[in-house]
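This report concerns only the one structure given below.
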Amino acid sequence: MVFSHREWIFGGTKFCCCLPVRFGVITMSGFGILVAGFLSLILWFQVSVAKEEALTSGELAAFVIAALVQTFLFVGSILGFVGAIVRKQSFLQVYAWFLYVHLILNLGVAIYLFVVLTQFHSNAIRVACENTIGNAEAQDQCKGVLTVAGKVFIAVTAIVLVMETYGAVIVTRYLNLVKREKRDKKDHKRANDSAFSLEPLNRGFNTRLGGSSIYAPLSQADEVFDPYRDTEAQTPGHSRFTTDRTLVDEHDVDKPPIPIEAGYGGGAWTHSEITAEEKSRLERSELGEMTVNINDLTEEERARRRSEIKTPYGPSSSPPLSTESDQLPQIMHMDDLFASTPDDRNS
């Protein structure tokens, strides 16, 4: 798998090395509800008393914009908190967009305040330190305090921006995790539906023609599967229909099987012999010859009918097997075994 920085940053399931991203989203959204709610109350209260405070139009607009931003962040934090608990993708998406917008606004405000602070720092050093304080040592202390204050502001602003950026990454990771879980669940459900469905779920490759057929006919370029293609493509020397007996051995599993055309008895009967015999038998059965009592038949007729019986040894033209058998040993009686003389045994 190719390494991806985007997957490494936004595709993780943990933050701070071991904590689950869901816990981070719940904690961050809960903290956002408290902070954004508190700031929005203070800012809207300041807007309500703007006339009494004699604020300028620019200052009033700044308070209104800040109050709106905090109010939207408060609502987004509520949606993020609920979405993290119930795993609601739409709520998490809205919360993530609020965090992105809030991060961009804070970055713009931080840049603006940095420019203002730089100008104020130079003016403050000139007005508050050089023009007001006559002692050189006191002037150095005044300049040192203003310099430290500027560095503290920069450090705090950087920490806030880094934390907010990491929070946005945590929310994005959890949002991607919920999307993957939802996609996997959908694919699993689709696979189950496809396994137990009589019709394919993807209809893009099928054309309903009407009736019970749901598949499009084969084109001229398509080829119908033939299960006997490999059998027909065999060479004559290794075909199942060969009559070469040198290639056939019923006891050798490595050689071809017995030819089909050999018929019964492993090669003794042929199709022509079986056909002729069956036809003659059918003709005799139609003439009623099969209903004759066996006791009325002559020895020649009985021998002829015995020859028509199919056996594994082939038709009657084949040489019959020898029916000779060895004589079984005679069992002697115990009295004959213990007889003292041959005459006693004979008796």
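Letters A, B, ... go to the chains of the structure tokens in the order shown; residues in each chain start at 1; ligands are counted from 1 in the same order.
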Can you tell me which residues surround range 165-170 of chain A at a distance of at most 8 Å, considering only C-alpha atoms, apart from same-chain residues fewer than 5 positions away, and format the answer as number ranges by chain? A: 9-10, 15, 21, 24-25, 28, 96, 99-100, 103
I need the residues in range 20-220 of chain A that are helix (DSSP H, G or I) according to DSSP; give them as a ChimeraX atom specification. /A:21-48,50-53,57-86,89-131,136-195,203-205
Select from range 73-153 of chain A every residue with an atom at most 8 Å from any atom of range 29-49 of chain A, then for each give the shortest pair of atoms and their distance in Å to one decimal, using only C-alpha atoms, rows by chain and rising number, as JSON lines.
```
{"residue": "A:Leu73", "atom": "CA", "partner": "A:Ala36", "partner_atom": "CA", "distance": 6.3}
{"residue": "A:Phe74", "atom": "CA", "partner": "A:Ala36", "partner_atom": "CA", "distance": 5.1}
{"residue": "A:Val75", "atom": "CA", "partner": "A:Ile33", "partner_atom": "CA", "distance": 7.8}
{"residue": "A:Ser77", "atom": "CA", "partner": "A:Ser29", "partner_atom": "CA", "distance": 4.8}
{"residue": "A:Ile78", "atom": "CA", "partner": "A:Ile33", "partner_atom": "CA", "distance": 6.4}
{"residue": "A:Gly80", "atom": "CA", "partner": "A:Ser29", "partner_atom": "CA", "distance": 5.9}
{"residue": "A:Phe81", "atom": "CA", "partner": "A:Ser29", "partner_atom": "CA", "distance": 5.2}
```
Generate a file of the selected residues that holds C-alpha atoms, formatted as a PDB file, in the first residue's frame.
```pdb
ATOM      1  CA  LEU A  73     -19.475  27.996  17.602  1.00  0.00           C
ATOM      2  CA  PHE A  74     -21.716  27.322  20.603  1.00  0.00           C
ATOM      3  CA  VAL A  75     -24.411  25.796  18.373  1.00  0.00           C
ATOM      4  CA  SER A  77     -20.320  22.461  19.665  1.00  0.00           C
ATOM      5  CA  ILE A  78     -23.749  21.207  20.721  1.00  0.00           C
ATOM      6  CA  GLY A  80     -20.683  17.968  17.660  1.00  0.00           C
ATOM      7  CA  PHE A  81     -21.326  16.706  21.189  1.00  0.00           C
TER       8      PHE A  81
END
```
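Residues in contact with range 85-88 of chain A at 9 Å, where only C-alpha atoms are counted and same-chain residues fewer than 3 positions away are skipped, are listed as Arg22, Ile26, Gly80, Phe81, Val82, Phe91, Leu92, Gln93, Leu175 and Val178 of chain A.
Interatomic distance, CA of Gly11 in chain A to CA of Thr172 in chain A: 8.2 Å.
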Please list as a VMD selection string every residue within 8 Å of range 146-152 of chain A, counting only C-alpha atoms and excluding residues in the same chain fewer than 2 positions away. chain A and resid 117 121 124 to 125 142 to 144 154 to 156
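Using only C-alpha atoms, the smallest distance between any of A:Thr132, A:Phe153, A:Leu68, A:Asn176 and Ser90 in chain A comes from A:Asn176.
When only C-alpha atoms are used to compute distances to Phe72 in chain A, the closest of the residues A:Val109, A:Ala138, A:Val101, A:Val127 turns out to be A:Val101.
Nearest to Asn106 in chain A of all the residues A:Glu164, A:Glu7, A:Asp184, A:Glu299 is A:Glu164, based on only C-alpha atoms.
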Nearest to Thr157 in chain A: which of A:Lys182, A:Asn192, A:Arg126, A:Leu113 is it, counting only C-alpha atoms? A:Leu113
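Using only C-alpha atoms, the smallest distance between any of A:Ala66, A:Ala84, A:Ala50, A:Ile111 and Phe23 in chain A comes from A:Ala84.
The closest residue to Asp140 in chain A, picked from A:Gln70, A:Ser57, A:Ser194, A:Ala128 and counting only C-alpha atoms, is A:Ala128.
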